Structures are given as C-alpha cells and as structure tokens.
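Here's data09.csv, which has CSV, C-alpha atoms:
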chain,number,residue,atom,x,y,z
A,1305,MET,CA,0.0,0.0,0.0
A,1306,LYS,CA,1.4,3.3,-1.1
A,1307,ARG,CA,1.1,6.5,1.0
A,1308,VAL,CA,0.7,9.3,-1.5
A,1309,LEU,CA,0.8,13.1,-1.0
A,1310,ILE,CA,-0.7,15.0,-4.0
A,1311,ILE,CA,-0.5,18.8,-4.1
A,1312,GLY,CA,-2.8,20.2,-6.7
A,1313,ALA,CA,-5.0,17.0,-6.3
A,1314,THR,CA,-8.0,18.3,-8.2
A,1315,SER,CA,-6.1,18.9,-11.4
A,1316,ALA,CA,-7.0,16.6,-14.3
A,1317,ILE,CA,-3.6,14.8,-14.5
A,1318,ALA,CA,-3.3,14.4,-10.7
A,1319,THR,CA,-6.9,13.0,-10.4
A,1320,ALA,CA,-6.2,10.5,-13.2
A,1321,CYS,CA,-3.0,9.3,-11.4
A,1322,ALA,CA,-4.8,9.2,-8.0
A,1323,ARG,CA,-7.6,7.0,-9.5
A,1324,MET,CA,-5.0,4.5,-10.7
A,1325,TRP,CA,-3.3,4.4,-7.3
A,1326,ALA,CA,-6.7,4.2,-5.5
A,1327,GLU,CA,-7.4,0.9,-7.4
A,1328,ARG,CA,-4.2,-0.4,-5.8
A,1329,GLY,CA,-5.4,0.5,-2.3
A,1330,ALA,CA,-3.3,3.6,-1.8
A,1331,GLU,CA,-3.7,6.0,1.2
A,1332,PHE,CA,-3.8,9.7,0.3
A,1333,PHE,CA,-3.2,13.1,1.7
A,1334,LEU,CA,-4.8,15.5,-0.9
A,1335,VAL,CA,-4.0,19.2,-1.1
A,1336,SER,CA,-5.8,21.8,-3.2
A,1337,ARG,CA,-7.2,25.3,-2.8
A,1338,ASN,CA,-10.8,24.4,-3.7
A,1339,LYS,CA,-12.1,22.6,-0.6
A,1340,GLU,CA,-15.4,21.5,-2.1
A,1341,LYS,CA,-13.9,20.0,-5.2
A,1342,LEU,CA,-11.1,18.4,-3.1
A,1343,GLU,CA,-13.7,16.6,-0.9
A,1344,GLN,CA,-15.4,15.3,-4.0
A,1345,THR,CA,-12.1,14.0,-5.3
A,1346,GLY,CA,-11.5,12.3,-1.9
A,1347,ALA,CA,-14.9,10.6,-1.9
A,1348,ASP,CA,-14.3,9.4,-5.5
A,1349,LEU,CA,-11.0,7.9,-4.6
A,1350,MET,CA,-12.5,6.0,-1.6
A,1351,ALA,CA,-15.2,4.6,-3.9
A,1352,ARG,CA,-12.4,3.4,-6.3
A,1353,GLY,CA,-10.5,1.5,-3.6
A,1354,ALA,CA,-8.4,3.9,-1.6
A,1355,THR,CA,-7.6,2.8,1.9
A,1356,ALA,CA,-8.0,6.3,3.3
A,1357,THR,CA,-8.0,10.0,2.2
A,1358,THR,CA,-7.3,13.1,4.1
A,1359,CYS,CA,-8.2,16.4,2.4
A,1360,TYR,CA,-6.3,19.6,3.2
A,1361,SER,CA,-7.2,23.0,1.7
A,1362,MET,CA,-4.2,25.3,1.0
A,1363,ASP,CA,-3.2,28.2,-1.3
A,1364,VAL,CA,0.3,27.2,-2.6
A,1365,SER,CA,1.2,30.9,-2.9
A,1366,ASP,CA,0.9,31.3,0.9
A,1367,PHE,CA,4.4,30.0,1.7
A,1368,SER,CA,3.8,30.2,5.5
A,1369,SER,CA,1.2,27.4,5.1
A,1370,HIS,CA,3.6,24.9,3.6
A,1371,VAL,CA,5.3,23.7,6.8
A,1372,LYS,CA,1.9,23.2,8.5
A,1373,MET,CA,0.6,21.2,5.6
A,1374,LEU,CA,3.6,18.9,5.7
A,1375,THR,CA,3.2,18.5,9.4
A,1376,GLN,CA,-0.4,17.5,9.0
A,1377,CYS,CA,0.5,15.2,6.1
A,1378,LEU,CA,3.0,13.3,8.2
A,1379,ALA,CA,0.6,13.0,11.1
A,1380,ALA,CA,-1.9,11.3,8.8
A,1381,LEU,CA,0.5,9.2,6.6
A,1382,LYS,CA,3.5,8.7,9.0
A,1383,GLN,CA,5.7,8.4,5.9
A,1384,ILE,CA,5.4,9.6,2.3
A,1385,ASP,CA,6.1,7.0,-0.4
A,1386,ILE,CA,5.2,9.3,-3.3
A,1387,ALA,CA,4.8,13.0,-3.4
A,1388,LEU,CA,3.2,14.4,-6.6
A,1389,ILE,CA,3.4,18.1,-7.1
A,1390,ALA,CA,0.8,18.9,-9.8
A,1391,HIS,CA,-0.6,22.4,-9.2
A,1392,GLY,CA,-0.2,25.2,-11.7
A,1393,THR,CA,-1.9,27.8,-13.9
A,1394,LEU,CA,-1.6,28.6,-17.6
A,1395,PRO,CA,-1.1,32.4,-17.6
A,1396,ASN,CA,-2.1,34.8,-20.4
A,1397,GLN,CA,1.3,35.7,-21.9
A,1398,GLN,CA,0.1,39.0,-23.4
A,1399,LEU,CA,-1.4,40.2,-20.1
A,1400,CYS,CA,1.7,39.2,-18.2
A,1401,GLU,CA,3.8,41.3,-20.6
A,1402,GLN,CA,1.7,44.4,-19.6
A,1403,ASP,CA,1.2,43.7,-15.8
A,1404,VAL,CA,4.3,43.1,-13.6
A,1405,GLU,CA,2.2,42.0,-10.6
A,1406,MET,CA,0.4,39.4,-12.7
A,1407,ALA,CA,3.7,38.1,-14.2
A,1408,LEU,CA,5.2,37.8,-10.7
A,1409,ARG,CA,2.1,36.2,-9.3
A,1410,GLU,CA,2.0,33.6,-12.1
A,1411,PHE,CA,5.7,32.9,-11.7
A,1412,THR,CA,5.2,32.4,-7.9
A,1413,ILE,CA,2.4,29.8,-8.5
A,1414,ASN,CA,4.2,27.9,-11.2
A,1415,GLY,CA,7.8,28.2,-10.1
A,1416,THR,CA,8.6,29.6,-6.6
A,1417,SER,CA,5.9,27.7,-4.8
A,1418,VAL,CA,7.0,24.5,-6.3
A,1419,ILE,CA,10.6,25.2,-5.2
A,1420,SER,CA,9.4,26.0,-1.7
A,1421,LEU,CA,7.5,22.7,-1.4
A,1422,LEU,CA,10.3,20.7,-2.9
A,1423,THR,CA,12.8,22.2,-0.4
A,1424,LEU,CA,10.6,21.1,2.5
A,1425,LEU,CA,9.8,17.7,1.1
A,1426,ALA,CA,13.5,17.0,0.3
A,1427,LYS,CA,14.4,17.3,4.0
A,1428,GLN,CA,11.7,14.7,4.8
A,1429,PHE,CA,12.7,12.3,2.1
A,1430,GLU,CA,16.3,12.5,3.1
A,1431,THR,CA,15.3,11.5,6.6
A,1432,GLN,CA,13.3,8.6,5.3
A,1433,HIS,CA,16.0,7.4,2.9
A,1434,CYS,CA,13.3,6.3,0.4
A,1435,GLY,CA,10.4,7.5,-1.7
A,1436,THR,CA,9.7,9.4,-4.9
A,1437,LEU,CA,9.3,13.1,-5.5
A,1438,ALA,CA,7.3,13.5,-8.7
A,1439,VAL,CA,7.0,17.0,-10.2
A,1440,ILE,CA,4.9,18.1,-13.1
A,1441,SER,CA,6.7,20.8,-15.0
A,1442,SER,CA,6.2,21.1,-18.8
A,1443,VAL,CA,7.7,20.9,-22.2
A,1444,ALA,CA,7.3,24.7,-22.2
A,1445,GLY,CA,10.4,24.9,-20.0
A,1446,ASP,CA,12.7,23.4,-22.7
A,1447,ARG,CA,12.9,26.7,-24.6
A,1448,GLY,CA,11.6,30.2,-24.2
A,1449,ARG,CA,8.9,30.5,-26.9
A,1450,PRO,CA,7.3,33.9,-27.5
A,1451,SER,CA,3.8,32.5,-27.0
A,1452,ASN,CA,4.3,31.5,-23.4
A,1453,TYR,CA,7.7,32.4,-22.1
A,1454,LEU,CA,6.5,33.5,-18.7
A,1455,TYR,CA,5.1,30.1,-18.0
A,1456,GLY,CA,8.1,28.4,-19.7
A,1457,THR,CA,10.5,30.4,-17.5
A,1458,ALA,CA,8.8,29.1,-14.3
A,1459,LYS,CA,8.8,25.5,-15.6
A,1460,ALA,CA,12.4,25.8,-16.7
A,1461,ALA,CA,13.3,26.9,-13.1
A,1462,VAL,CA,11.5,23.9,-11.7
A,1463,SER,CA,13.2,21.5,-14.1
A,1464,THR,CA,16.7,22.9,-13.3
A,1465,PHE,CA,15.9,22.7,-9.6
A,1466,CYS,CA,14.8,19.1,-10.0
A,1467,GLU,CA,18.0,18.2,-11.8
A,1468,GLY,CA,20.1,19.4,-8.9
A,1469,LEU,CA,17.8,17.9,-6.4
A,1470,SER,CA,17.8,14.5,-8.1
A,1471,ALA,CA,21.6,14.4,-7.9
A,1472,ARG,CA,21.5,15.4,-4.2
A,1473,LEU,CA,18.8,12.9,-3.2
A,1474,TYR,CA,20.1,10.0,-5.2
A,1475,LYS,CA,22.7,9.6,-2.5
A,1476,ALA,CA,20.0,9.2,0.1
A,1477,GLY,CA,18.1,6.6,-1.9
A,1478,VAL,CA,15.3,9.0,-3.0
A,1479,HIS,CA,14.0,9.2,-6.6
A,1480,VAL,CA,13.2,12.6,-8.2
A,1481,ILE,CA,11.2,12.6,-11.5
A,1482,ASP,CA,10.7,15.7,-13.7
A,1483,ILE,CA,7.5,15.1,-15.7
A,1484,LYS,CA,7.1,17.2,-18.8
A,1485,PRO,CA,3.7,16.9,-20.4
A,1486,GLY,CA,2.9,18.4,-23.8
A,1487,PHE,CA,-0.7,19.4,-24.7
A,1488,VAL,CA,-3.2,17.7,-22.5
A,1489,ASP,CA,-7.0,17.8,-22.7
A,1490,THR,CA,-7.7,19.6,-19.4
A,1491,PRO,CA,-9.8,22.6,-18.3
A,1492,MET,CA,-6.6,24.6,-18.4
A,1493,THR,CA,-6.2,24.2,-22.2
A,1494,GLN,CA,-9.8,24.4,-23.2
A,1495,GLY,CA,-10.4,27.0,-25.9
A,1496,LEU,CA,-6.8,27.2,-27.0
A,1497,PRO,CA,-6.0,26.7,-30.7
A,1498,LEU,CA,-4.0,23.5,-30.3
A,1499,PRO,CA,-3.2,20.8,-32.9
A,1500,ALA,CA,-5.6,18.0,-32.2
A,1501,ALA,CA,-3.1,15.3,-33.2
A,1502,LEU,CA,-0.8,16.3,-30.3
A,1503,ILE,CA,-3.4,16.5,-27.6
A,1504,ALA,CA,-3.3,13.7,-25.0
A,1505,LYS,CA,-6.0,12.6,-22.5
A,1506,PRO,CA,-5.1,12.9,-18.8
A,1507,GLU,CA,-5.4,9.2,-18.4
A,1508,GLN,CA,-2.7,8.6,-21.1
A,1509,VAL,CA,-0.4,10.9,-19.3
A,1510,ALA,CA,-1.2,9.4,-15.9
A,1511,LYS,CA,-0.3,5.9,-17.1
A,1512,ARG,CA,3.0,7.1,-18.3
A,1513,ILE,CA,3.7,9.0,-15.0
A,1514,ILE,CA,2.9,5.9,-12.9
A,1515,LYS,CA,5.1,3.7,-15.1
A,1516,GLY,CA,7.9,6.4,-15.0
A,1517,ILE,CA,7.8,6.4,-11.2
A,1518,GLU,CA,7.9,2.6,-11.0
A,1519,GLU,CA,10.9,2.5,-13.5
A,1520,LYS,CA,12.7,5.4,-11.7
A,1521,THR,CA,12.8,7.6,-14.8
A,1522,THR,CA,14.5,10.9,-14.2
A,1523,ILE,CA,13.0,13.0,-17.0
A,1524,LEU,CA,9.7,11.9,-18.4
A,1525,TYR,CA,8.1,13.4,-21.5
A,1526,ALA,CA,4.4,12.6,-21.7
A,1527,PRO,CA,3.4,11.4,-24.3
A,1528,GLY,CA,6.9,10.2,-25.3
A,1529,PHE,CA,6.9,11.8,-28.7
A,1530,TRP,CA,7.4,15.2,-27.1
A,1531,LYS,CA,11.0,14.3,-26.4
A,1532,ALA,CA,11.6,14.3,-30.2
A,1533,ILE,CA,9.5,17.4,-30.8
A,1534,MET,CA,11.3,19.4,-28.2
A,1535,LEU,CA,14.7,18.2,-29.3
A,1536,ILE,CA,14.0,19.6,-32.8
A,1537,ILE,CA,12.7,22.9,-31.3
A,1538,LYS,CA,15.9,23.2,-29.1
A,1539,LEU,CA,18.1,22.6,-32.2
A,1540,ILE,CA,16.6,25.5,-34.2
A,1541,PRO,CA,19.3,28.2,-34.4
A,1542,HIS,CA,18.4,31.4,-32.5
A,1543,PHE,CA,18.5,33.6,-35.5
A,1544,ILE,CA,15.8,31.5,-37.1
A,1545,PHE,CA,13.9,30.8,-33.8
A,1546,LYS,CA,13.4,34.5,-33.0
A,1547,ARG,CA,11.5,34.9,-36.3
A,1548,THR,CA,9.0,32.1,-35.5
A,1549,ASN,CA,5.6,32.4,-33.8
A,1550,LEU,CA,5.9,29.2,-31.7
Please rewrite the model in this file as structure tokens.
Amino acid sequence: MKRVLIIGATSAIATACARMWAERGAEFFLVSRNKEKLEQTGADLMARGATATTCYSMDVSDFSSHVKMLTQCLAALKQIDIALIAHGTLPNQQLCEQDVEMALREFTINGTSVISLLTLLAKQFETQHCGTLAVISSVAGDRGRPSNYLYGTAKAAVSTFCEGLSARLYKAGVHVIDIKPGFVDTPMTQGLPLPAALIAKPEQVAKRIIKGIEEKTTILYAPGFWKAIMLIIKLIPHFIFKRTNL
C-alpha cells in the first residue's frame, strides 16, 4: 500500500493518477485550494478502492502554510512514499507582458511555490532514505517560446531545480522525476488553438507517469513523442527561432 501526497490534487492529471493508485489501495493526503472539489475527489478515490483519504485546503502561494501542511500530512500518513506536485496555472502571456504584478504572481504559483515545497519535502525524504518526488513541469520549460515564455520560464526553473535535487537525493536513496507533459486535454487548455493530433488525454499521461515512477525515470516526456519534438525545437538556431511564432 502506497502512501501518497498530492499537491494540486484536483487537477486533471493528478486526479487520473490518483484514481489508478486508488485501485491499488493507496492511502492519500490530498491538497488543493478548492475545498469542495477536493472533498469530492477524496470521496471518488474512496469509492475506487483507496484505503484512506485526508483532504487539506491550501493556497500554494501562501508559503507560510507549507510547513503546517507537511506536518499534517506526516501526522496522517506517517511516511510519504510518493509526493506528486501537480498544481499550476496557464497564464495569459500577453497580459503578463503588460502587468508586472500578474507576471510575478504567475511565476510564484508555477515556479517559486514548487521550489518551496520541494525544499521542505526534500528534507523529509532525506530523513526517510526512500520515496519518490514527482513534479509536473512542462515541455514549455525546454525553450523560451514567444507565445508562453513567462510560463516556460517558471517551468524551466522547476526543471533545473529538479535536476540538482535529483543528484542530491540519489545519494539518500530518493528518486526525483521531472514530468514534462505536452498538450493535455484539461480545463486549463480548453479553448486554446492546439493541434488535435498532439493533444493527449489525462489518463494517457497518468499511465506514463505511474510507469515512470515505477521505473525510476529521471526526466519523463508525456506522451513520449514530445521528447523528439522538443529536441527539434531546441536545435533551431536562435537567428531563425526568433522569427517564428511558436
């Protein structure tokens, strides 16, 4: 039985992962800002076979609440086998270009809050000498594209942090996995002009995440074809890249 902490538990990808773990009898500590939706998620997981669920409402941008959340999590689970950090927003790039406060707020949610949580969790996992820290970043962090570079910058920061953290925690027997989804059919992407052939369902991504955790993958593109796509994008010379509308 796995003891699983999920931050951003009501997101589509996190919910899909949780349902698969629930079928295996996992015990959950679920964290999200929307208390009502969180409780609905918890009830759904219990109906699907979860051993137990504890729901905890928290705004990730309130850094002072992070320590209290982790304390409550450990009181409920005793030990964390898997911590999945899955919260985030998809900001409007054009608005962020015009509003400094908005840009910093979005960077805080997608970048700084993740780093804060990972720093606290890393201490716990080092003490345990076991477990997996799974972090959902994005393919957007692989290169600063003009269409979403604020979001991409936050995700790039998370990925770089995870790379260093992975090397640090490897010595303690702890696995860190940086998960980089591409386009996923979620409420966050509804209405965006995305190519249908590249859009994955949350369940597809979740299966890949769970397999990646089990196989101790370090960097996971989901679906896998995004690794090739992003390699091509990264190889485009800058003098050409700056003329694109990617």
Excluding stretch 1418-1423 of chain A and residues on its chain fewer than 5 positions from it, collect all residues at most 9 Å away from it, counting only C-alpha atoms, and give them as a tab-separated table (two decimals) with C-alpha atoms, in the frame of the given file.
chain	number	residue	atom	x	y	z
A	1364	VAL	CA	0.30	27.20	-2.60
A	1367	PHE	CA	4.40	30.00	1.70
A	1370	HIS	CA	3.60	24.90	3.60
A	1371	VAL	CA	5.30	23.70	6.80
A	1374	LEU	CA	3.60	18.90	5.70
A	1389	ILE	CA	3.40	18.10	-7.10
A	1391	HIS	CA	-0.60	22.40	-9.20
A	1412	THR	CA	5.20	32.40	-7.90
A	1413	ILE	CA	2.40	29.80	-8.50
A	1437	LEU	CA	9.30	13.10	-5.50
A	1439	VAL	CA	7.00	17.00	-10.20
A	1461	ALA	CA	13.30	26.90	-13.10
A	1462	VAL	CA	11.50	23.90	-11.70
A	1465	PHE	CA	15.90	22.70	-9.60
A	1466	CYS	CA	14.80	19.10	-10.00
A	1469	LEU	CA	17.80	17.90	-6.40
Nearest to A:Ala1316: which of A:Gly1445, A:Pro1506, A:Pro1485, A:Gly1435 is it, counting only C-alpha atoms?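 Going through A:Gly1445, A:Pro1506, A:Pro1485, A:Gly1435 one by one, the smallest distance to A:Ala1316 is for A:Pro1506.
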To one decimal place, how far is atom CA of A:Glu1430 from atom CA of A:Ala1356 in Å?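 Answer for the atom CA of A:Glu1430 to atom CA of A:Ala1356 separation: 25.1 Å.
Ranking A:Ala1387, A:Leu1454, A:Cys1377, A:Gly1528 by their shortest atom-to-atom distance to A:Gln1402, with all atoms listed in the file included, puts A:Leu1454 first.
Restricting the calculation to all atoms listed in the file, the smallest distance between A:Pro1497 and any of A:His1479, A:Leu1424, A:Ala1313, A:Ser1451 is found for A:Ser1451.
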